[in-house]
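**Q** A single structure is presented below for examination.
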Amino acid sequence: MSTRDAVVVGSGPNGLAAALTLARAGLTVDVYEGAADAGGGCRTQELTLPGYLHDVCSAVHPLATASPFFRGCDLDTRGARFCTPPIAFAHPLDGGRAAAVAGSVHETAARLGPDASTYRRLFAPLVRDAQRILGSVLVPFRRPPAHPVALARFGLAGLLPAERLARRFDTDEARALVAGAAAHAMLPLSDPLTGAMALLLTMLAHSVGWPVVEGGSARIVEALVTELEELGGRVITGRWVTDLREIPDARALLLDVSPRGLVELAGERITPRYRRALERFRYGPGVCKVDWALDGPVPWEAPECHQAGTVHVGGTMAEVARSESEVASGRHPELPFCLVAQPGVVDPSRAPPGRRTVWAYCHVPSGSTTDMTERIEAQIERFAPGFRDLVLARATVTAADVERHNPNYVGGDINGGRSTLLQTVFRPTVRWNPYRTPLRGVYLCSASTPPGGGVHGMCGHGAALAALADLRITTRRRTVDGAT
Ligand SMILES: Cc1cc2nc3c(=O)[nH]c(=O)nc-3n(C[C@H](O)[C@H](O)[C@H](O)COP(=O)(O)OP(=O)(O)OC[C@H]3O[C@@H](n4cnc5c(N)ncnc54)[C@H](O)[C@@H]3O)c2cc1C
């Protein structure tokens, strides 16, 4: 039997953030991870050829860089160094044109011709207030915001469907930028709140950039595990938990699992009401992802794309919107919107000299078993003729595979649940403290709790603060307030 104070199930960024927050407060912590390696959606592996390092899931880290939790970690000194591409994201259009978000609001606006002043008016106040806005959107919505004016400015524009927000602009370029950033929400661009994703991600592009991690995202996890072990914590891999009764007694149990996973683990022990609420939680579409080992950089026609860590591939706003609404209606788009990550723009260590690793994914209906490789490659080839000739090796996972590798990604949903208005405010259910479950001492800490998907650790950190508050333990150092 363990004599640990706390157990965390799942070692994704949120599980590790929870474990570290507890360990920093003086608790002894064990983390049980089912997979062979720690990290969940933050791992790096040679998926194609020896010497080619691919981020298995997350590659681009504006949220990690902005996260109050991560800013309290000594990631850099523990070997996780962020490298920021000169262009955060680019969006190619037919004819060799591209829109790009780079540097300051003014620098980006200057590239947008007739839309320059609209861009400045929309983003300059948000970027100026970025820290204030982040202080409210990276924690549960419970208290009156500390900076209501800044949050209202963000919220009022963000409540709009992205299509309406994009129509404030006249050029294809500016509209495409909004559509591409909004499509990270994995919702039709006609849905309310999709504007918020575009605003948040563009604001982050200007305030912290969209960095990758030198050597791969796994370095973040290695740094977190190192600190946890320094504090006496342990990560036990290869240990799938199938029932809460398998877990030794501990003062706190934090679960980095989906609501569906919680229902399975808790069985009859949770109240029927809470179970029904968890079963009503809605998951988003899935993704089909392709990793390539390439014999050189992607031969984009538009020069901007060569300097961007992320490229949004899918054409005009209308095309991106069509692709997202097809997915929402259960169809596989012929011309999918694709997110392309090319860490080699700033990190040559990912592949042998002159070579590159690149990944792309597109959204697909939940649970899809369709291999979208052909369609994704055709979209990239459209804006980068000769791309296919560079492919040395590729590895594809369908949405069903994504869930098979990690049960948190239900149906291949990488955001831990649909980001509707309701599920953004109340996640996973309507509760004053979203991390607490009706089971005493048991907390949910995955991306299915606020603030949702992405590598920021704030779900785990918030859940750990709730556990510490219930244990009447005052946090001693480097925990970020605002989530208890
Ligand atoms: C293809 C892809 C690309 C992405 N790109 C980005 C990106 O560029 N930037 C970004 O910020 N985010 C990105 N994300 C999202 C990000 O990876 C996730 O939102 C984040 O990892 C969620 O963290 P988490 O700790 O909640 O869960 P996860 O990272 O999913 O970790 C959960 C862990 O718990 C383990 N587990 C689950 N159930 C059990 C059990 N019963 N017993 C034992 N272990 C269990 C799992 O094996 C897993 O290791 C991407 C995700 C994917 C899949």
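In the structure tokens, the first chain shown is A, the next is B, and so on; residue numbers restart at 1 for each chain, and ligands run from 1 in the order shown.
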Counting only C-alpha atoms and all ligand atoms, what residues are within 6 Å of ligand 1, given as number ranges by chain?
**A** A: 9-15, 32-35, 39-42, 57-61, 63, 239-242, 256-257, 406-408, 414-415, 446-447, 453-455
**Q** Write the residues you've just listed into a file as a tab-separated table (two decimals), in the first residue's frame, and include N, CA and C atoms for each of them.
**A**
```
chain	number	residue	atom	x	y	z
A	9	VAL	N	-4.01	10.45	-11.40
A	9	VAL	CA	-4.12	9.47	-12.48
A	9	VAL	C	-4.00	10.23	-13.80
A	10	GLY	N	-2.95	9.89	-14.57
A	10	GLY	CA	-2.73	10.56	-15.85
A	10	GLY	C	-1.63	11.60	-15.74
A	11	SER	N	-0.67	11.51	-16.67
A	11	SER	CA	0.50	12.41	-16.59
A	11	SER	C	0.56	13.36	-17.77
A	12	GLY	N	-0.62	13.80	-18.26
A	12	GLY	CA	-0.61	14.87	-19.25
A	12	GLY	C	-0.16	16.16	-18.58
A	13	PRO	N	-0.06	17.24	-19.34
A	13	PRO	CA	0.36	18.51	-18.75
A	13	PRO	C	-0.47	18.89	-17.53
A	14	ASN	N	-1.77	18.57	-17.57
A	14	ASN	CA	-2.61	18.93	-16.42
A	14	ASN	C	-2.38	18.01	-15.23
A	15	GLY	N	-2.18	16.72	-15.49
A	15	GLY	CA	-1.88	15.81	-14.38
A	15	GLY	C	-0.59	16.21	-13.70
A	32	TYR	N	0.06	8.00	-11.60
A	32	TYR	CA	-0.10	6.74	-12.34
A	32	TYR	C	-0.42	7.05	-13.80
A	33	GLU	N	0.41	6.59	-14.70
A	33	GLU	CA	0.21	6.84	-16.13
A	33	GLU	C	0.04	5.50	-16.84
A	34	GLY	N	-1.02	5.40	-17.64
A	34	GLY	CA	-1.25	4.14	-18.34
A	34	GLY	C	-0.28	3.88	-19.48
A	35	ALA	N	0.08	4.94	-20.20
A	35	ALA	CA	0.96	4.77	-21.37
A	35	ALA	C	2.38	4.45	-20.92
A	39	GLY	N	3.42	12.19	-20.18
A	39	GLY	CA	3.27	13.38	-21.06
A	39	GLY	C	1.95	13.52	-21.77
A	40	GLY	N	1.20	12.43	-21.96
A	40	GLY	CA	-0.09	12.56	-22.65
A	40	GLY	C	0.06	13.29	-23.97
A	41	GLY	N	-0.59	14.43	-24.10
A	41	GLY	CA	-0.56	15.19	-25.35
A	41	GLY	C	0.67	16.05	-25.51
A	42	CYS	N	1.73	15.75	-24.78
A	42	CYS	CA	2.95	16.58	-24.84
A	42	CYS	C	4.17	15.65	-24.89
A	57	CYS	N	1.67	14.95	-30.30
A	57	CYS	CA	0.44	15.78	-30.24
A	57	CYS	C	0.84	17.25	-30.31
A	58	SER	N	0.88	17.94	-29.17
A	58	SER	CA	1.11	19.38	-29.20
A	58	SER	C	2.51	19.71	-29.68
A	59	ALA	N	2.59	20.80	-30.47
A	59	ALA	CA	3.89	21.25	-30.97
A	59	ALA	C	4.08	22.75	-30.74
A	60	VAL	N	2.99	23.50	-30.72
A	60	VAL	CA	3.08	24.96	-30.74
A	60	VAL	C	2.49	25.48	-29.42
A	61	HIS	N	3.25	26.38	-28.74
A	61	HIS	CA	2.95	26.59	-27.32
A	61	HIS	C	2.70	28.04	-26.89
A	63	LEU	N	0.00	28.92	-25.42
A	63	LEU	CA	-0.69	28.82	-24.13
A	63	LEU	C	0.28	28.48	-23.00
A	239	ARG	N	0.77	1.95	-16.10
A	239	ARG	CA	-0.22	1.53	-15.09
A	239	ARG	C	-1.59	2.16	-15.41
A	240	TRP	N	-2.39	1.42	-16.17
A	240	TRP	CA	-3.75	1.90	-16.46
A	240	TRP	C	-4.62	1.66	-15.24
A	241	VAL	N	-5.35	2.65	-14.85
A	241	VAL	CA	-6.29	2.50	-13.72
A	241	VAL	C	-7.67	2.25	-14.33
A	242	THR	N	-8.33	1.19	-13.90
A	242	THR	CA	-9.65	0.89	-14.47
A	242	THR	C	-10.77	1.09	-13.45
A	256	ASP	N	-6.73	13.04	-14.22
A	256	ASP	CA	-6.48	13.70	-15.51
A	256	ASP	C	-7.14	12.83	-16.58
A	257	VAL	N	-8.46	12.71	-16.48
A	257	VAL	CA	-9.21	11.84	-17.40
A	257	VAL	C	-10.40	12.63	-17.94
A	406	ASN	N	-4.90	7.45	-26.56
A	406	ASN	CA	-5.12	8.25	-25.34
A	406	ASN	C	-6.63	8.38	-25.13
A	407	PRO	N	-7.18	7.69	-24.11
A	407	PRO	CA	-8.64	7.68	-23.94
A	407	PRO	C	-9.22	9.05	-23.63
A	408	ASN	N	-8.37	10.02	-23.25
A	408	ASN	CA	-8.90	11.37	-22.99
A	408	ASN	C	-9.42	12.03	-24.27
A	414	ILE	N	-9.29	16.62	-29.53
A	414	ILE	CA	-8.03	16.95	-28.85
A	414	ILE	C	-8.21	18.07	-27.83
A	415	ASN	N	-9.42	18.62	-27.72
A	415	ASN	CA	-9.65	19.74	-26.81
A	415	ASN	C	-10.33	19.34	-25.50
A	446	SER	N	-8.46	17.36	-15.78
A	446	SER	CA	-8.05	17.30	-17.19
A	446	SER	C	-8.54	18.52	-17.96
A	447	ALA	N	-8.26	18.52	-19.27
A	447	ALA	CA	-8.68	19.60	-20.15
A	447	ALA	C	-10.21	19.68	-20.27
A	453	GLY	N	-8.88	22.94	-23.38
A	453	GLY	CA	-7.78	22.29	-24.09
A	453	GLY	C	-6.53	23.15	-24.24
A	454	GLY	N	-5.42	22.46	-24.49
A	454	GLY	CA	-4.15	23.15	-24.71
A	454	GLY	C	-3.16	22.81	-23.60
A	455	VAL	N	-1.90	23.07	-23.91
A	455	VAL	CA	-0.84	22.78	-22.94
A	455	VAL	C	-0.60	24.06	-22.13
```
**Q** Using only C-alpha atoms, find each residue in region 302-397 of chain A having at least one atom no more than 8 Å away from region 152-175 of chain A; report its shortest atom-to-atom pair and that distance in Å (one decimal), rows by chain then rising number, as JSON lines.
**A**
```
{"residue": "A:Thr316", "atom": "CA", "partner": "A:Asp172", "partner_atom": "CA", "distance": 6.3}
{"residue": "A:Met317", "atom": "CA", "partner": "A:Arg175", "partner_atom": "CA", "distance": 5.8}
{"residue": "A:Ala321", "atom": "CA", "partner": "A:Glu163", "partner_atom": "CA", "distance": 7.7}
```
**Q** Using only C-alpha atoms, what does the table of region 93-203 of chain A residues within 12 Å of region 358-381 of chain A look like, with each row giving the shortest atom pair and its distance in Å to one decimal, sorted by chain and ascending number, as a tab-separated table?
**A**
```
residue	atom	partner	partner_atom	distance
A:Leu93	CA	A:Gln379	CA	11.0
A:Asp94	CA	A:Gln379	CA	10.9
A:Gly180	CA	A:Cys362	CA	11.9
A:Ala183	CA	A:His363	CA	9.3
A:His184	CA	A:His363	CA	9.4
A:Ala185	CA	A:His363	CA	10.3
A:Met186	CA	A:His363	CA	7.0
A:Leu187	CA	A:His363	CA	9.6
A:Pro188	CA	A:His363	CA	11.1
```
**Q** Neighbouring residues of Val311 (chain A) were defined as those with any atom within 12 Å, considering only C-alpha atoms; residues of the same chain fewer than 3 positions away were excluded. Please report them as a PyMOL selection string.
**A** chain A and resi 60+85+87-93+98-101+176-177+180-181+210+298+300+302-308+314-315+337-343+345+358-361+379-380+383-384
**Q** For the residues in the current selection, export N, CA and C atoms as a short mmCIF file (atom, residue, chain, number, x, y, z; two decimals), in the first residue's frame.
**A**
```
data_model
loop_
_atom_site.label_atom_id
_atom_site.label_comp_id
_atom_site.auth_asym_id
_atom_site.auth_seq_id
_atom_site.Cartn_x
_atom_site.Cartn_y
_atom_site.Cartn_z
N VAL A 60 2.99 23.50 -30.72
CA VAL A 60 3.08 24.96 -30.74
C VAL A 60 2.49 25.48 -29.42
N PRO A 85 9.25 31.40 -33.60
CA PRO A 85 9.43 31.73 -35.03
C PRO A 85 9.13 33.20 -35.28
N ILE A 87 7.49 34.53 -37.60
CA ILE A 87 6.06 34.68 -37.93
C ILE A 87 5.30 33.65 -37.12
N ALA A 88 4.32 34.10 -36.33
CA ALA A 88 3.57 33.17 -35.47
C ALA A 88 2.75 32.22 -36.34
N PHE A 89 1.92 32.79 -37.19
CA PHE A 89 1.20 31.92 -38.12
C PHE A 89 0.98 32.63 -39.45
N ALA A 90 1.05 31.83 -40.50
CA ALA A 90 0.84 32.36 -41.85
C ALA A 90 -0.34 31.62 -42.47
N HIS A 91 -0.94 32.25 -43.46
CA HIS A 91 -2.13 31.66 -44.09
C HIS A 91 -2.04 31.89 -45.59
N PRO A 92 -1.58 30.87 -46.34
CA PRO A 92 -1.42 31.07 -47.78
C PRO A 92 -2.76 31.11 -48.52
N LEU A 93 -2.77 31.89 -49.59
CA LEU A 93 -3.94 31.96 -50.48
C LEU A 93 -3.46 31.66 -51.89
N ALA A 98 0.02 35.40 -49.22
CA ALA A 98 -0.21 34.86 -47.87
C ALA A 98 -0.43 36.01 -46.91
N ALA A 99 -1.24 35.75 -45.90
CA ALA A 99 -1.37 36.67 -44.77
C ALA A 99 -0.49 36.12 -43.66
N ALA A 100 -0.03 37.00 -42.78
CA ALA A 100 0.86 36.52 -41.72
C ALA A 100 0.73 37.40 -40.49
N VAL A 101 0.81 36.77 -39.32
CA VAL A 101 0.84 37.51 -38.06
C VAL A 101 2.26 37.44 -37.54
N ALA A 176 -8.97 35.70 -43.82
CA ALA A 176 -8.40 34.34 -43.68
C ALA A 176 -7.66 34.20 -42.35
N LEU A 177 -6.96 35.26 -41.94
CA LEU A 177 -6.25 35.19 -40.64
C LEU A 177 -7.23 34.90 -39.51
N GLY A 180 -8.65 31.26 -39.83
CA GLY A 180 -7.68 30.21 -39.49
C GLY A 180 -7.48 30.09 -37.99
N ALA A 181 -7.37 31.23 -37.31
CA ALA A 181 -7.18 31.18 -35.86
C ALA A 181 -8.44 30.67 -35.17
N TRP A 210 4.17 32.33 -30.88
CA TRP A 210 3.70 30.94 -30.94
C TRP A 210 4.96 30.05 -31.01
N VAL A 298 9.37 22.74 -46.45
CA VAL A 298 8.19 22.72 -47.34
C VAL A 298 8.36 23.85 -48.37
N TRP A 300 6.89 26.23 -49.85
CA TRP A 300 5.75 27.16 -49.96
C TRP A 300 6.01 28.19 -51.06
N ALA A 302 4.46 31.17 -51.04
CA ALA A 302 4.48 32.49 -50.38
C ALA A 302 5.65 32.55 -49.42
N PRO A 303 6.50 33.58 -49.53
CA PRO A 303 7.69 33.63 -48.67
C PRO A 303 7.37 33.66 -47.19
N GLU A 304 6.24 34.28 -46.80
CA GLU A 304 5.89 34.38 -45.39
C GLU A 304 5.84 33.00 -44.71
N CYS A 305 5.37 32.00 -45.47
CA CYS A 305 5.16 30.68 -44.86
C CYS A 305 6.49 30.03 -44.46
N HIS A 306 7.59 30.46 -45.07
CA HIS A 306 8.89 29.85 -44.74
C HIS A 306 9.38 30.25 -43.36
N GLN A 307 8.83 31.34 -42.82
CA GLN A 307 9.28 31.81 -41.50
C GLN A 307 8.26 31.54 -40.41
N ALA A 308 7.19 30.87 -40.76
CA ALA A 308 6.11 30.66 -39.79
C ALA A 308 6.23 29.28 -39.15
N GLY A 314 -5.87 26.15 -46.17
CA GLY A 314 -7.27 25.85 -46.48
C GLY A 314 -7.93 26.95 -47.30
N GLY A 315 -7.16 27.96 -47.68
CA GLY A 315 -7.70 28.98 -48.58
C GLY A 315 -8.47 30.06 -47.85
N PHE A 337 -9.60 22.08 -44.03
CA PHE A 337 -8.75 23.08 -43.40
C PHE A 337 -7.70 22.32 -42.60
N CYS A 338 -6.43 22.64 -42.80
CA CYS A 338 -5.35 21.89 -42.15
C CYS A 338 -4.47 22.82 -41.33
N LEU A 339 -4.10 22.36 -40.14
CA LEU A 339 -3.11 23.09 -39.33
C LEU A 339 -1.78 22.41 -39.52
N VAL A 340 -0.81 23.17 -39.96
CA VAL A 340 0.50 22.61 -40.27
C VAL A 340 1.52 23.20 -39.28
N ALA A 341 2.28 22.32 -38.62
CA ALA A 341 3.33 22.80 -37.70
C ALA A 341 4.69 22.42 -38.27
N GLN A 342 5.56 23.42 -38.38
CA GLN A 342 6.90 23.16 -38.95
C GLN A 342 7.96 23.71 -37.98
N PRO A 343 8.25 22.94 -36.92
CA PRO A 343 9.18 23.41 -35.89
C PRO A 343 10.58 23.69 -36.42
N VAL A 345 11.57 25.48 -38.60
CA VAL A 345 11.80 26.89 -38.94
C VAL A 345 12.74 27.53 -37.92
N VAL A 358 7.61 17.71 -40.11
CA VAL A 358 6.43 18.58 -40.20
C VAL A 358 5.23 17.73 -39.84
N TRP A 359 4.26 18.32 -39.11
CA TRP A 359 2.98 17.62 -38.95
C TRP A 359 1.83 18.48 -39.41
N ALA A 360 0.73 17.81 -39.73
CA ALA A 360 -0.51 18.54 -40.05
C ALA A 360 -1.67 17.70 -39.58
N TYR A 361 -2.72 18.38 -39.17
CA TYR A 361 -3.95 17.63 -38.93
C TYR A 361 -5.12 18.41 -39.50
N GLN A 379 -3.93 19.56 -50.21
CA GLN A 379 -4.09 20.96 -49.78
C GLN A 379 -2.72 21.63 -49.63
N ILE A 380 -1.74 20.91 -49.04
CA ILE A 380 -0.41 21.52 -48.88
C ILE A 380 0.23 21.72 -50.26
N PHE A 383 -0.50 24.90 -52.15
CA PHE A 383 0.22 26.14 -51.80
C PHE A 383 1.74 25.94 -51.76
N ALA A 384 2.17 24.68 -51.92
CA ALA A 384 3.61 24.38 -51.89
C ALA A 384 3.89 23.30 -52.92
#
```
**Q** If you run DSSP on this backbone, which residues of region 329-468 of chain A come out as alpha helix (DSSP H), and could you give them as a PDB file with N, CA, C and O atoms, in the first residue's frame?
**A**
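Heads up, here's the output in result17.pdb:
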```
ATOM      1  N   THR A 373      -4.836  11.436 -45.349  1.00  0.00           N
ATOM      2  CA  THR A 373      -3.501  11.799 -45.825  1.00  0.00           C
ATOM      3  C   THR A 373      -3.533  12.426 -47.219  1.00  0.00           C
ATOM      4  O   THR A 373      -2.933  13.491 -47.447  1.00  0.00           O
ATOM      5  N   GLU A 374      -4.233  11.756 -48.151  1.00  0.00           N
ATOM      6  CA  GLU A 374      -4.275  12.248 -49.543  1.00  0.00           C
ATOM      7  C   GLU A 374      -4.791  13.673 -49.606  1.00  0.00           C
ATOM      8  O   GLU A 374      -4.225  14.531 -50.278  1.00  0.00           O
ATOM      9  N   ARG A 375      -5.898  13.919 -48.893  1.00  0.00           N
ATOM     10  CA  ARG A 375      -6.539  15.241 -48.973  1.00  0.00           C
ATOM     11  C   ARG A 375      -5.693  16.311 -48.287  1.00  0.00           C
ATOM     12  O   ARG A 375      -5.621  17.445 -48.754  1.00  0.00           O
ATOM     13  N   ILE A 376      -5.045  15.932 -47.179  1.00  0.00           N
ATOM     14  CA  ILE A 376      -4.185  16.902 -46.491  1.00  0.00           C
ATOM     15  C   ILE A 376      -2.993  17.242 -47.399  1.00  0.00           C
ATOM     16  O   ILE A 376      -2.641  18.407 -47.588  1.00  0.00           O
ATOM     17  N   GLU A 377      -2.394  16.210 -47.983  1.00  0.00           N
ATOM     18  CA  GLU A 377      -1.225  16.463 -48.846  1.00  0.00           C
ATOM     19  C   GLU A 377      -1.628  17.289 -50.067  1.00  0.00           C
ATOM     20  O   GLU A 377      -0.866  18.167 -50.512  1.00  0.00           O
ATOM     21  N   ALA A 378      -2.817  17.038 -50.605  1.00  0.00           N
ATOM     22  CA  ALA A 378      -3.251  17.817 -51.779  1.00  0.00           C
ATOM     23  C   ALA A 378      -3.413  19.289 -51.414  1.00  0.00           C
ATOM     24  O   ALA A 378      -3.067  20.185 -52.205  1.00  0.00           O
ATOM     25  N   GLN A 379      -3.931  19.559 -50.214  1.00  0.00           N
ATOM     26  CA  GLN A 379      -4.085  20.955 -49.783  1.00  0.00           C
ATOM     27  C   GLN A 379      -2.715  21.627 -49.627  1.00  0.00           C
ATOM     28  O   GLN A 379      -2.535  22.779 -50.017  1.00  0.00           O
ATOM     29  N   ILE A 380      -1.745  20.909 -49.041  1.00  0.00           N
ATOM     30  CA  ILE A 380      -0.412  21.517 -48.878  1.00  0.00           C
ATOM     31  C   ILE A 380       0.233  21.717 -50.256  1.00  0.00           C
ATOM     32  O   ILE A 380       0.799  22.778 -50.550  1.00  0.00           O
ATOM     33  N   GLU A 381       0.104  20.717 -51.100  1.00  0.00           N
ATOM     34  CA  GLU A 381       0.675  20.790 -52.457  1.00  0.00           C
ATOM     35  C   GLU A 381       0.111  22.004 -53.223  1.00  0.00           C
ATOM     36  O   GLU A 381       0.809  22.644 -54.011  1.00  0.00           O
ATOM     37  N   ARG A 382      -1.152  22.316 -52.956  1.00  0.00           N
ATOM     38  CA  ARG A 382      -1.801  23.467 -53.623  1.00  0.00           C
ATOM     39  C   ARG A 382      -1.027  24.764 -53.354  1.00  0.00           C
ATOM     40  O   ARG A 382      -0.922  25.621 -54.232  1.00  0.00           O
ATOM     41  N   PHE A 383      -0.503  24.903 -52.147  1.00  0.00           N
ATOM     42  CA  PHE A 383       0.217  26.139 -51.797  1.00  0.00           C
ATOM     43  C   PHE A 383       1.741  25.941 -51.757  1.00  0.00           C
ATOM     44  O   PHE A 383       2.473  26.905 -51.560  1.00  0.00           O
ATOM     45  N   ALA A 399      -8.757   9.649 -36.401  1.00  0.00           N
ATOM     46  CA  ALA A 399      -9.349  10.092 -35.121  1.00  0.00           C
ATOM     47  C   ALA A 399      -9.537   8.897 -34.180  1.00  0.00           C
ATOM     48  O   ALA A 399      -9.321   9.008 -32.967  1.00  0.00           O
ATOM     49  N   ALA A 400      -9.929   7.764 -34.760  1.00  0.00           N
ATOM     50  CA  ALA A 400     -10.118   6.570 -33.909  1.00  0.00           C
ATOM     51  C   ALA A 400      -8.786   6.145 -33.286  1.00  0.00           C
ATOM     52  O   ALA A 400      -8.732   5.742 -32.117  1.00  0.00           O
ATOM     53  N   ASP A 401      -7.696   6.249 -34.068  1.00  0.00           N
ATOM     54  CA  ASP A 401      -6.368   5.909 -33.518  1.00  0.00           C
ATOM     55  C   ASP A 401      -5.993   6.864 -32.385  1.00  0.00           C
ATOM     56  O   ASP A 401      -5.390   6.464 -31.395  1.00  0.00           O
ATOM     57  N   VAL A 402      -6.324   8.157 -32.582  1.00  0.00           N
ATOM     58  CA  VAL A 402      -5.968   9.166 -31.570  1.00  0.00           C
ATOM     59  C   VAL A 402      -6.590   8.772 -30.231  1.00  0.00           C
ATOM     60  O   VAL A 402      -5.944   8.798 -29.183  1.00  0.00           O
ATOM     61  N   GLU A 403      -7.855   8.344 -30.265  1.00  0.00           N
ATOM     62  CA  GLU A 403      -8.507   7.925 -29.013  1.00  0.00           C
ATOM     63  C   GLU A 403      -7.901   6.615 -28.489  1.00  0.00           C
ATOM     64  O   GLU A 403      -7.738   6.448 -27.284  1.00  0.00           O
ATOM     65  N   ARG A 404      -7.539   5.722 -29.413  1.00  0.00           N
ATOM     66  CA  ARG A 404      -6.954   4.441 -28.975  1.00  0.00           C
ATOM     67  C   ARG A 404      -5.645   4.693 -28.216  1.00  0.00           C
ATOM     68  O   ARG A 404      -5.346   4.046 -27.231  1.00  0.00           O
ATOM     69  N   HIS A 405      -4.860   5.685 -28.680  1.00  0.00           N
ATOM     70  CA  HIS A 405      -3.590   5.981 -28.010  1.00  0.00           C
ATOM     71  C   HIS A 405      -3.801   6.707 -26.685  1.00  0.00           C
ATOM     72  O   HIS A 405      -2.960   6.633 -25.798  1.00  0.00           O
ATOM     73  N   LEU A 421     -20.424  27.705 -25.887  1.00  0.00           N
ATOM     74  CA  LEU A 421     -20.528  28.751 -24.864  1.00  0.00           C
ATOM     75  C   LEU A 421     -20.776  28.110 -23.496  1.00  0.00           C
ATOM     76  O   LEU A 421     -20.084  28.404 -22.515  1.00  0.00           O
ATOM     77  N   LEU A 422     -21.746  27.190 -23.438  1.00  0.00           N
ATOM     78  CA  LEU A 422     -22.093  26.565 -22.155  1.00  0.00           C
ATOM     79  C   LEU A 422     -20.905  25.795 -21.585  1.00  0.00           C
ATOM     80  O   LEU A 422     -20.570  25.918 -20.406  1.00  0.00           O
ATOM     81  N   GLN A 423     -20.244  25.024 -22.458  1.00  0.00           N
ATOM     82  CA  GLN A 423     -19.147  24.185 -21.953  1.00  0.00           C
ATOM     83  C   GLN A 423     -17.848  24.967 -21.760  1.00  0.00           C
ATOM     84  O   GLN A 423     -16.877  24.419 -21.265  1.00  0.00           O
ATOM     85  N   THR A 424     -17.846  26.223 -22.173  1.00  0.00           N
ATOM     86  CA  THR A 424     -16.696  27.053 -21.832  1.00  0.00           C
ATOM     87  C   THR A 424     -16.879  27.614 -20.426  1.00  0.00           C
ATOM     88  O   THR A 424     -15.946  27.650 -19.633  1.00  0.00           O
ATOM     89  N   VAL A 425     -18.114  28.005 -20.120  1.00  0.00           N
ATOM     90  CA  VAL A 425     -18.380  28.594 -18.800  1.00  0.00           C
ATOM     91  C   VAL A 425     -18.490  27.494 -17.744  1.00  0.00           C
ATOM     92  O   VAL A 425     -17.922  27.595 -16.660  1.00  0.00           O
ATOM     93  N   MET A 458      -3.237  24.767 -16.522  1.00  0.00           N
ATOM     94  CA  MET A 458      -4.072  25.533 -15.595  1.00  0.00           C
ATOM     95  C   MET A 458      -5.255  24.720 -15.058  1.00  0.00           C
ATOM     96  O   MET A 458      -5.770  25.031 -13.986  1.00  0.00           O
ATOM     97  N   CYS A 459      -5.688  23.679 -15.788  1.00  0.00           N
ATOM     98  CA  CYS A 459      -6.758  22.826 -15.250  1.00  0.00           C
ATOM     99  C   CYS A 459      -6.211  22.056 -14.044  1.00  0.00           C
ATOM    100  O   CYS A 459      -6.833  22.006 -12.972  1.00  0.00           O
ATOM    101  N   GLY A 460      -5.031  21.468 -14.237  1.00  0.00           N
ATOM    102  CA  GLY A 460      -4.426  20.692 -13.150  1.00  0.00           C
ATOM    103  C   GLY A 460      -4.085  21.570 -11.963  1.00  0.00           C
ATOM    104  O   GLY A 460      -4.303  21.195 -10.806  1.00  0.00           O
ATOM    105  N   HIS A 461      -3.570  22.735 -12.250  1.00  0.00           N
ATOM    106  CA  HIS A 461      -3.198  23.654 -11.175  1.00  0.00           C
ATOM    107  C   HIS A 461      -4.442  24.077 -10.380  1.00  0.00           C
ATOM    108  O   HIS A 461      -4.441  24.063  -9.141  1.00  0.00           O
ATOM    109  N   GLY A 462      -5.520  24.406 -11.114  1.00  0.00           N
ATOM    110  CA  GLY A 462      -6.762  24.823 -10.443  1.00  0.00           C
ATOM    111  C   GLY A 462      -7.337  23.697  -9.598  1.00  0.00           C
ATOM    112  O   GLY A 462      -7.802  23.930  -8.469  1.00  0.00           O
ATOM    113  N   ALA A 463      -7.299  22.476 -10.128  1.00  0.00           N
ATOM    114  CA  ALA A 463      -7.843  21.338  -9.366  1.00  0.00           C
ATOM    115  C   ALA A 463      -7.012  21.102  -8.108  1.00  0.00           C
ATOM    116  O   ALA A 463      -7.550  20.820  -7.027  1.00  0.00           O
ATOM    117  N   ALA A 464      -5.698  21.226  -8.239  1.00  0.00           N
ATOM    118  CA  ALA A 464      -4.829  21.006  -7.071  1.00  0.00           C
ATOM    119  C   ALA A 464      -5.078  22.079  -6.012  1.00  0.00           C
ATOM    120  O   ALA A 464      -5.091  21.787  -4.808  1.00  0.00           O
ATOM    121  N   LEU A 465      -5.300  23.321  -6.450  1.00  0.00           N
ATOM    122  CA  LEU A 465      -5.594  24.375  -5.477  1.00  0.00           C
ATOM    123  C   LEU A 465      -6.907  24.076  -4.746  1.00  0.00           C
ATOM    124  O   LEU A 465      -7.031  24.332  -3.542  1.00  0.00           O
ATOM    125  N   ALA A 466      -7.886  23.530  -5.475  1.00  0.00           N
ATOM    126  CA  ALA A 466      -9.150  23.162  -4.821  1.00  0.00           C
ATOM    127  C   ALA A 466      -8.907  22.067  -3.784  1.00  0.00           C
ATOM    128  O   ALA A 466      -9.435  22.123  -2.658  1.00  0.00           O
ATOM    129  N   ALA A 467      -8.079  21.086  -4.146  1.00  0.00           N
ATOM    130  CA  ALA A 467      -7.775  19.990  -3.204  1.00  0.00           C
ATOM    131  C   ALA A 467      -7.055  20.539  -1.974  1.00  0.00           C
ATOM    132  O   ALA A 467      -7.388  20.181  -0.838  1.00  0.00           O
ATOM    133  N   LEU A 468      -6.089  21.409  -2.196  1.00  0.00           N
ATOM    134  CA  LEU A 468      -5.330  21.967  -1.064  1.00  0.00           C
ATOM    135  C   LEU A 468      -6.249  22.794  -0.163  1.00  0.00           C
ATOM    136  O   LEU A 468      -6.138  22.738   1.068  1.00  0.00           O
TER     137      LEU A 468
END
```
